[in-house]
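Chemist: Sending over entry-v9.tsv (TSV, C-alpha atoms and all ligand atoms).
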chain	number	residue	atom	x	y	z
A	1	MET	CA	1.38	5.39	-5.60
A	2	ALA	CA	4.17	5.55	-8.16
A	3	LEU	CA	6.27	2.41	-8.57
A	4	LYS	CA	9.56	4.20	-7.93
A	5	GLU	CA	8.29	5.65	-4.67
A	6	ALA	CA	6.88	2.29	-3.62
A	7	GLY	CA	10.18	0.55	-4.47
A	8	ALA	CA	12.16	2.99	-2.34
A	9	ALA	CA	9.75	2.60	0.59
A	10	LEU	CA	9.77	-1.21	0.33
A	11	ALA	CA	13.59	-1.29	0.23
A	12	ALA	CA	13.84	0.97	3.29
A	13	GLU	CA	11.30	-1.05	5.27
A	14	SER	CA	12.95	-4.34	4.25
A	15	ALA	CA	16.26	-3.06	5.58
A	16	ARG	CA	14.64	-2.21	8.91
A	17	PHE	CA	13.06	-5.67	9.21
A	18	ALA	CA	16.33	-7.33	8.20
A	19	ALA	CA	18.12	-5.34	10.93
A	20	LEU	CA	15.61	-6.67	13.45
A	21	GLY	CA	16.52	-10.23	12.40
A	22	TRP	CA	13.07	-10.87	10.98
A	23	MET	CA	14.11	-11.46	7.35
A	24	ARG	CA	16.87	-14.02	7.73
A	25	GLY	CA	18.51	-15.53	4.71
A	26	THR	CA	16.40	-14.20	1.86
A	27	SER	CA	13.13	-14.93	3.67
A	28	GLY	CA	10.05	-12.76	3.83
A	29	ASN	CA	8.58	-10.17	1.49
A	30	LEU	CA	6.77	-6.86	1.70
A	31	SER	CA	4.17	-5.38	-0.58
A	32	GLN	CA	2.62	-2.01	-1.27
A	33	THR	CA	-0.73	-1.67	-3.03
A	34	LEU	CA	-0.31	0.50	-6.13
A	35	SER	CA	-3.89	0.52	-7.42
A	36	ARG	CA	-7.22	-1.09	-6.58
A	37	ASP	CA	-8.96	-1.34	-9.93
A	38	PRO	CA	-7.32	-3.26	-11.36
A	39	LEU	CA	-5.52	-4.52	-8.26
A	40	ARG	CA	-1.76	-4.03	-8.58
A	41	LEU	CA	0.88	-4.55	-5.91
A	42	ALA	CA	4.58	-3.80	-5.79
A	43	VAL	CA	6.26	-6.79	-4.09
A	44	THR	CA	9.91	-7.19	-3.12
A	45	VAL	CA	11.81	-9.49	-5.48
A	46	SER	CA	12.41	-13.11	-4.60
A	47	GLY	CA	15.73	-14.57	-3.57
A	48	ARG	CA	17.54	-11.38	-2.61
A	49	ASP	CA	19.08	-10.26	0.66
A	50	LYS	CA	16.35	-8.08	2.16
A	51	GLY	CA	18.88	-5.81	3.84
A	52	GLU	CA	20.34	-4.78	0.48
A	53	LEU	CA	17.38	-4.01	-1.80
A	54	GLY	CA	17.24	-0.94	-3.99
A	55	GLU	CA	14.17	0.88	-5.28
A	56	GLN	CA	14.32	-1.18	-8.51
A	57	ASP	CA	14.08	-4.51	-6.65
A	58	VAL	CA	10.30	-4.84	-6.87
A	59	VAL	CA	7.91	-6.73	-9.10
A	60	VAL	CA	4.43	-5.53	-10.01
A	61	VAL	CA	1.86	-8.30	-9.59
A	62	ASP	CA	-1.85	-8.68	-10.28
A	63	ALA	CA	-4.70	-9.96	-8.10
A	64	ASP	CA	-3.35	-13.52	-8.42
A	65	GLY	CA	0.19	-12.56	-7.48
A	66	ALA	CA	1.44	-13.04	-11.05
A	67	ALA	CA	3.92	-10.58	-12.55
A	68	VAL	CA	2.30	-8.22	-15.02
A	69	ALA	CA	3.93	-7.76	-18.44
A	70	ASP	CA	3.92	-3.96	-18.43
A	71	GLN	CA	6.59	-3.04	-15.85
A	72	PRO	CA	10.25	-1.95	-15.75
A	73	THR	CA	11.55	-5.45	-14.96
A	74	PRO	CA	9.09	-7.92	-16.54
A	75	GLN	CA	11.69	-10.69	-16.27
A	76	ALA	CA	11.91	-10.39	-12.48
A	77	ARG	CA	10.31	-13.23	-10.58
A	78	PRO	CA	7.90	-12.46	-7.76
A	79	SER	CA	7.83	-14.74	-4.74
A	80	ALA	CA	5.06	-17.37	-4.83
A	81	GLU	CA	3.89	-15.71	-1.64
A	82	ALA	CA	2.84	-12.65	-3.67
A	83	GLY	CA	-0.44	-14.51	-4.24
A	84	LEU	CA	-1.30	-14.29	-0.55
A	85	HIS	CA	-0.24	-10.64	-0.40
A	86	ALA	CA	-2.70	-9.91	-3.21
A	87	ARG	CA	-5.46	-11.86	-1.48
A	88	ILE	CA	-4.93	-9.92	1.75
A	89	ALA	CA	-4.85	-6.61	-0.13
A	90	ARG	CA	-8.15	-7.50	-1.76
A	91	VAL	CA	-10.01	-9.03	1.20
A	92	ALA	CA	-8.72	-6.74	3.97
A	93	GLY	CA	-8.32	-3.65	1.79
A	94	ALA	CA	-4.71	-3.43	2.96
A	95	GLY	CA	-2.46	-0.71	1.60
A	96	ALA	CA	0.64	-2.68	2.60
A	97	VAL	CA	1.39	-6.23	3.74
A	98	VAL	CA	4.40	-7.44	5.71
A	99	HIS	CA	5.43	-11.10	5.62
A	100	VAL	CA	8.35	-12.09	7.82
A	101	HIS	CA	9.71	-15.36	9.18
A	102	MET	CA	9.75	-14.04	12.72
A	103	LEU	CA	10.20	-16.71	15.40
A	104	ALA	CA	7.66	-15.65	18.06
A	105	PRO	CA	4.48	-16.20	15.99
A	106	VAL	CA	5.71	-19.57	14.75
A	107	VAL	CA	6.46	-20.77	18.30
A	108	ALA	CA	3.12	-19.37	19.50
A	109	ALA	CA	1.25	-21.19	16.71
A	110	GLN	CA	2.97	-24.41	17.75
A	111	ARG	CA	1.69	-23.92	21.31
A	112	TRP	CA	-1.79	-22.60	20.38
A	113	PRO	CA	-2.62	-24.12	16.96
A	114	GLN	CA	-6.28	-23.09	17.20
A	115	GLY	CA	-5.35	-19.40	17.32
A	116	VAL	CA	-3.33	-17.17	19.63
A	117	VAL	CA	-5.48	-15.23	22.10
A	118	LEU	CA	-4.20	-11.85	23.28
A	119	ARG	CA	-5.90	-9.66	25.87
A	120	ASP	CA	-5.38	-7.07	28.61
A	121	LEU	CA	-2.11	-5.67	27.39
A	122	GLU	CA	-1.33	-2.04	26.65
A	123	MET	CA	0.50	-2.98	23.45
A	124	LEU	CA	-2.80	-4.14	21.89
A	125	LYS	CA	-3.41	-0.44	21.23
A	126	GLY	CA	-0.63	-0.71	18.65
A	127	LEU	CA	-2.99	-2.89	16.63
A	128	GLN	CA	-5.91	-0.48	17.16
A	129	ARG	CA	-7.45	-2.78	19.79
A	130	SER	CA	-8.34	-2.02	23.40
A	131	ALA	CA	-5.97	-2.62	26.31
A	132	HIS	CA	-8.89	-3.79	28.50
A	133	ASP	CA	-11.93	-6.02	28.00
A	134	ASP	CA	-11.02	-6.88	24.45
A	135	GLU	CA	-9.79	-10.21	23.15
A	136	MET	CA	-7.92	-10.59	19.90
A	137	THR	CA	-7.39	-14.04	18.45
A	138	VAL	CA	-4.67	-14.16	15.85
A	139	PRO	CA	-5.70	-16.91	13.41
A	140	VAL	CA	-3.35	-19.80	12.69
A	141	VAL	CA	-3.50	-21.61	9.34
A	142	ALA	CA	-1.55	-24.67	8.25
A	143	ASN	CA	1.40	-24.06	5.96
A	144	SER	CA	1.00	-24.80	2.26
A	145	GLN	CA	2.96	-24.13	-0.90
A	146	ASP	CA	-0.37	-23.48	-2.67
A	147	MET	CA	-1.28	-19.81	-2.20
A	148	SER	CA	-4.93	-20.41	-3.09
A	149	VAL	CA	-5.17	-22.94	-0.21
A	150	LEU	CA	-3.55	-20.44	2.16
A	151	GLY	CA	-5.74	-17.64	0.80
A	152	ASP	CA	-8.93	-19.64	1.32
A	153	ALA	CA	-7.89	-20.47	4.90
A	154	PHE	CA	-7.12	-16.80	5.55
A	155	GLU	CA	-10.44	-15.65	4.12
A	156	ALA	CA	-12.41	-18.26	6.11
A	157	GLY	CA	-11.07	-16.90	9.40
A	158	PHE	CA	-10.83	-13.25	8.43
A	159	ASP	CA	-11.88	-10.67	11.01
A	160	PRO	CA	-11.50	-7.05	9.85
A	161	ALA	CA	-10.39	-6.04	13.37
A	162	THR	CA	-7.46	-8.48	13.42
A	163	PRO	CA	-4.78	-7.42	10.93
A	164	ALA	CA	-2.55	-10.49	11.26
A	165	LEU	CA	-2.33	-14.12	10.21
A	166	ILE	CA	0.11	-16.75	11.43
A	167	VAL	CA	1.14	-19.51	9.05
A	168	ALA	CA	2.15	-22.49	11.22
A	169	ARG	CA	5.80	-23.57	11.07
A	170	HIS	CA	6.42	-20.70	8.65
A	171	GLY	CA	5.88	-17.06	9.60
A	172	VAL	CA	3.42	-14.21	9.94
A	173	TYR	CA	1.53	-11.76	7.74
A	174	VAL	CA	0.60	-8.34	9.14
A	175	TRP	CA	-1.08	-5.56	7.21
A	176	GLY	CA	-2.16	-1.95	7.48
A	177	ARG	CA	-3.24	1.11	5.55
A	178	ASP	CA	0.39	1.78	4.62
A	179	LEU	CA	3.87	0.34	5.18
A	180	GLN	CA	4.48	2.33	8.32
A	181	GLN	CA	1.29	1.17	10.01
A	182	ALA	CA	1.98	-2.42	8.93
A	183	ARG	CA	5.46	-2.21	10.49
A	184	HIS	CA	4.18	-0.67	13.71
A	185	ARG	CA	1.62	-3.44	13.98
A	186	THR	CA	4.28	-6.08	13.28
A	187	GLU	CA	6.53	-4.67	16.00
A	188	CYS	CA	3.70	-4.54	18.53
A	189	LEU	CA	2.48	-8.03	17.66
A	190	GLU	CA	5.97	-9.40	18.18
A	191	TRP	CA	6.08	-7.84	21.66
A	192	LEU	CA	2.64	-9.26	22.50
A	193	LEU	CA	3.63	-12.75	21.37
A	194	GLN	CA	6.94	-12.63	23.25
A	195	PHE	CA	5.04	-11.65	26.39
A	196	LYS	CA	2.53	-14.45	25.98
A	197	LEU	CA	5.21	-17.06	25.29
A	198	ALA	CA	7.17	-15.93	28.34
A	199	THR	CA	4.19	-15.92	30.72
A	200	GLU	CA	1.82	-18.68	29.53
A	201	GLN	CA	2.72	-22.29	29.06
A	202	ARG	CA	-0.58	-23.42	27.56
B	1	ZN	ZN	7.39	-17.02	3.92
Hey, can you dump this file as structure tokens for me?
Ligand SMILES: [Zn+2]

Modeler:
Amino acid sequence: MALKEAGAALAAESARFAALGWMRGTSGNLSQTLSRDPLRLAVTVSGRDKGELGEQDVVVVDADGAAVADQPTPQARPSAEAGLHARIARVAGAGAVVHVHMLAPVVAAQRWPQGVVLRDLEMLKGLQRSAHDDEMTVPVVANSQDMSVLGDAFEAGFDPATPALIVARHGVYVWGRDLQQARHRTECLEWLLQFKLATEQR
């Protein structure tokens, strides 16, 4: 995908997430995979209001989440979290990754630190799972400022059928084949977690 097109899509999706209250302050970041070999991702810039991004407000990063030299804004700084985006794109083959500081997954991880089990709910279909006789455990990993530590924890618990990861006391990562699928999955996961929090105490 062309960088300009990716930048416009990332800005539009960021504005939608910001409107939902899931990118408060300047938190969260979205990425779109541009190429696989070598791995290149367009990631929203760090430290900006996510409701007001333009198509130019992206940084191209490599497989380690580091900004590449050959891009329109080589001086722009990617979020440190770009490293985990790149890891997820590589390991899960994701075409897009959403990272938001949404409250429900963080509260759920506090209550179920070993993983959040979801089952028997119609909304599971939104994550390409079954509404009956299927159990999805959303992994929970401890927060860290070191993206290689977070990446290793993600990879250790990775299940290709579970496109989400909760970082305790921090936020959630959700991915998909493209930005639209990643957003749909994020929206459905939020509903599932709200339901669980409202109906289960432990
Ligand atoms: Zn974050």

Chemist: One number please: CA of Met147 in chain A to CA of Leu84 in chain A, in Å, one decimal.

Modeler: 5.8 Å

Chemist: Sort by chain and increasing residue number a table of all residues of chain A within 7 Å of ligand ZN 1 (chain B), each with its closest pair of atoms and their distance in Å to one decimal, counting all atoms listed in the file, and write it as CSV.

Modeler:
residue,atom,partner,partner_atom,distance
A:Ser27,CA,B:ZN1,ZN,6.1
A:Gly28,CA,B:ZN1,ZN,5.0
A:Glu81,CA,B:ZN1,ZN,6.7
A:His99,CA,B:ZN1,ZN,6.5
A:Val100,CA,B:ZN1,ZN,6.4
A:His101,CA,B:ZN1,ZN,6.0
A:His170,CA,B:ZN1,ZN,6.1
A:Gly171,CA,B:ZN1,ZN,5.9

Chemist: Work out how far apart CA of Trp112 in chain A and CA of Leu189 in chain A are and give it in Å to one decimal.

Modeler: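 Separating CA of Trp112 in chain A from CA of Leu189 in chain A is a distance of 15.4 Å.
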
Chemist: Take CA of Gln145 in chain A and CA of Ala80 in chain A and report the distance between them in Å, one decimal.

Modeler: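 Rounded to one decimal, the two atoms are 8.1 Å apart.
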
Chemist: Measuring between all atoms listed in the file, which one of A:Ala63, A:Val58, A:Leu39, A:Met102 shows the shortest distance to Arg24 in chain A?

Modeler: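 Of A:Ala63, A:Val58, A:Leu39, A:Met102, the one nearest Arg24 in chain A, counting all atoms listed in the file, is A:Met102.
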
Chemist: Which one of A:Val174, A:Leu118, A:Val97, A:Ala109 sits closest to Asn143 in chain A if you count all atoms listed in the file?

Modeler: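 Looking at the shortest contact to Asn143 in chain A, the residue is A:Ala109.
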
Chemist: For Pro139 in chain A, which of A:Ala161, A:Ala153, A:Ile166, A:Leu179 is the closest residue, counting all atoms listed in the file?

Modeler: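 Answer, going by the shortest atom-to-atom distance: A:Ile166.
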
Chemist: Counting only C-alpha atoms, note down every residue that has an atom within 12 Å of the point (-9.6, -4.6, 28.1) (file coordinates), as JSON, numbers by chain.

Modeler: {"A": [118, 119, 120, 121, 122, 123, 124, 125, 129, 130, 131, 132, 133, 134, 135, 136]}

Chemist: Restrict the calculation to all atoms listed in the file, then for each residue of range 25-132 of chain A with any atom at most 7 Å from an atom of range 191-197 of chain A give the closest atom pair and their distance in Å to one decimal, rows by chain and rising residue number, as a Markdown table.

Modeler:
| residue | atom | partner | partner_atom | distance |
| --- | --- | --- | --- | --- |
| A:Ala104 | CA | A:Leu193 | CA | 6.0 |
| A:Pro105 | CA | A:Leu193 | CA | 6.4 |
| A:Ala108 | CA | A:Leu197 | CA | 6.6 |
| A:Met123 | CA | A:Leu192 | CA | 6.7 |

Chemist: Could you dump the residues just selected with C-alpha atoms as an mmCIF file, in the coordinates of the input?

Modeler:
data_model
loop_
_atom_site.group_PDB
_atom_site.id
_atom_site.type_symbol
_atom_site.label_atom_id
_atom_site.label_comp_id
_atom_site.auth_asym_id
_atom_site.auth_seq_id
_atom_site.Cartn_x
_atom_site.Cartn_y
_atom_site.Cartn_z
ATOM 1 C CA ALA A 104 7.660 -15.650 18.060
ATOM 2 C CA PRO A 105 4.480 -16.200 15.990
ATOM 3 C CA ALA A 108 3.120 -19.370 19.500
ATOM 4 C CA MET A 123 0.500 -2.980 23.450
#

Chemist: Which residue, A:Pro78, A:Pro72, A:Gly95, A:Gly65, has the smallest gap to Arg48 in chain A when you use all atoms listed in the file?

Modeler: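 For Arg48 in chain A, the nearest of the candidates is A:Pro78.
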
Chemist: Name the closest residue to Tyr173 in chain A among the candidates A:Ala2, A:Arg111, A:Leu30, A:Val43; distances are taken between atoms, counting only C-alpha atoms.

Modeler: A:Leu30

Chemist: Which residue, A:Thr26, A:Gln71, A:Ser14, A:Gln201, has the smallest gap to Leu41 in chain A when you use all atoms listed in the file?

Modeler: A:Gln71

Chemist: List the neighbours of range 175-177 of chain A out to 10 Å using all atoms listed in the file; skip same-chain residues closer than 6 positions along the sequence, and give me the result as a PyMOL selection string.

Modeler: chain A and resi 30-33+85+88-89+92-99+127+162-165+183-186

Chemist: Once N, CA and C atoms are restored for range 9-25 of chain A, what would the output be as a PDB file, in the coordinates of the input?

Modeler:
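Saved result, selection16.pdb, follows:
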ATOM      1  N   ALA A   9      10.333   2.836  -0.734  1.00  0.00           N
ATOM      2  CA  ALA A   9       9.750   2.600   0.590  1.00  0.00           C
ATOM      3  C   ALA A   9       9.885   1.123   0.985  1.00  0.00           C
ATOM      4  N   LEU A  10       9.663   0.232   0.032  1.00  0.00           N
ATOM      5  CA  LEU A  10       9.770  -1.210   0.330  1.00  0.00           C
ATOM      6  C   LEU A  10      11.215  -1.584   0.671  1.00  0.00           C
ATOM      7  N   ALA A  11      12.181  -1.002  -0.047  1.00  0.00           N
ATOM      8  CA  ALA A  11      13.590  -1.290   0.230  1.00  0.00           C
ATOM      9  C   ALA A  11      13.973  -0.796   1.630  1.00  0.00           C
ATOM     10  N   ALA A  12      13.511   0.399   1.977  1.00  0.00           N
ATOM     11  CA  ALA A  12      13.840   0.970   3.290  1.00  0.00           C
ATOM     12  C   ALA A  12      13.220   0.146   4.417  1.00  0.00           C
ATOM     13  N   GLU A  13      11.966  -0.248   4.233  1.00  0.00           N
ATOM     14  CA  GLU A  13      11.300  -1.050   5.270  1.00  0.00           C
ATOM     15  C   GLU A  13      11.933  -2.437   5.379  1.00  0.00           C
ATOM     16  N   SER A  14      12.299  -3.021   4.237  1.00  0.00           N
ATOM     17  CA  SER A  14      12.950  -4.340   4.250  1.00  0.00           C
ATOM     18  C   SER A  14      14.243  -4.288   5.052  1.00  0.00           C
ATOM     19  N   ALA A  15      15.002  -3.199   4.860  1.00  0.00           N
ATOM     20  CA  ALA A  15      16.260  -3.060   5.580  1.00  0.00           C
ATOM     21  C   ALA A  15      16.021  -2.979   7.089  1.00  0.00           C
ATOM     22  N   ARG A  16      14.960  -2.300   7.483  1.00  0.00           N
ATOM     23  CA  ARG A  16      14.640  -2.210   8.910  1.00  0.00           C
ATOM     24  C   ARG A  16      14.275  -3.587   9.469  1.00  0.00           C
ATOM     25  N   PHE A  17      13.452  -4.325   8.736  1.00  0.00           N
ATOM     26  CA  PHE A  17      13.060  -5.670   9.210  1.00  0.00           C
ATOM     27  C   PHE A  17      14.269  -6.602   9.248  1.00  0.00           C
ATOM     28  N   ALA A  18      15.133  -6.476   8.226  1.00  0.00           N
ATOM     29  CA  ALA A  18      16.330  -7.330   8.200  1.00  0.00           C
ATOM     30  C   ALA A  18      17.206  -7.027   9.421  1.00  0.00           C
ATOM     31  N   ALA A  19      17.307  -5.733   9.779  1.00  0.00           N
ATOM     32  CA  ALA A  19      18.120  -5.340  10.930  1.00  0.00           C
ATOM     33  C   ALA A  19      17.552  -5.896  12.233  1.00  0.00           C
ATOM     34  N   LEU A  20      16.251  -6.096  12.267  1.00  0.00           N
ATOM     35  CA  LEU A  20      15.610  -6.670  13.450  1.00  0.00           C
ATOM     36  C   LEU A  20      15.761  -8.192  13.503  1.00  0.00           C
ATOM     37  N   GLY A  21      16.335  -8.774  12.442  1.00  0.00           N
ATOM     38  CA  GLY A  21      16.520 -10.230  12.400  1.00  0.00           C
ATOM     39  C   GLY A  21      15.272 -10.966  11.983  1.00  0.00           C
ATOM     40  N   TRP A  22      14.362 -10.258  11.345  1.00  0.00           N
ATOM     41  CA  TRP A  22      13.070 -10.870  10.980  1.00  0.00           C
ATOM     42  C   TRP A  22      12.990 -11.265   9.515  1.00  0.00           C
ATOM     43  N   MET A  23      14.088 -11.052   8.757  1.00  0.00           N
ATOM     44  CA  MET A  23      14.110 -11.460   7.350  1.00  0.00           C
ATOM     45  C   MET A  23      15.412 -12.203   7.072  1.00  0.00           C
ATOM     46  N   ARG A  24      15.607 -13.277   7.828  1.00  0.00           N
ATOM     47  CA  ARG A  24      16.870 -14.020   7.730  1.00  0.00           C
ATOM     48  C   ARG A  24      17.000 -14.734   6.403  1.00  0.00           C
ATOM     49  N   GLY A  25      18.265 -14.952   6.022  1.00  0.00           N
ATOM     50  CA  GLY A  25      18.510 -15.530   4.710  1.00  0.00           C
ATOM     51  C   GLY A  25      17.923 -14.571   3.682  1.00  0.00           C
TER      52      GLY A  25
END
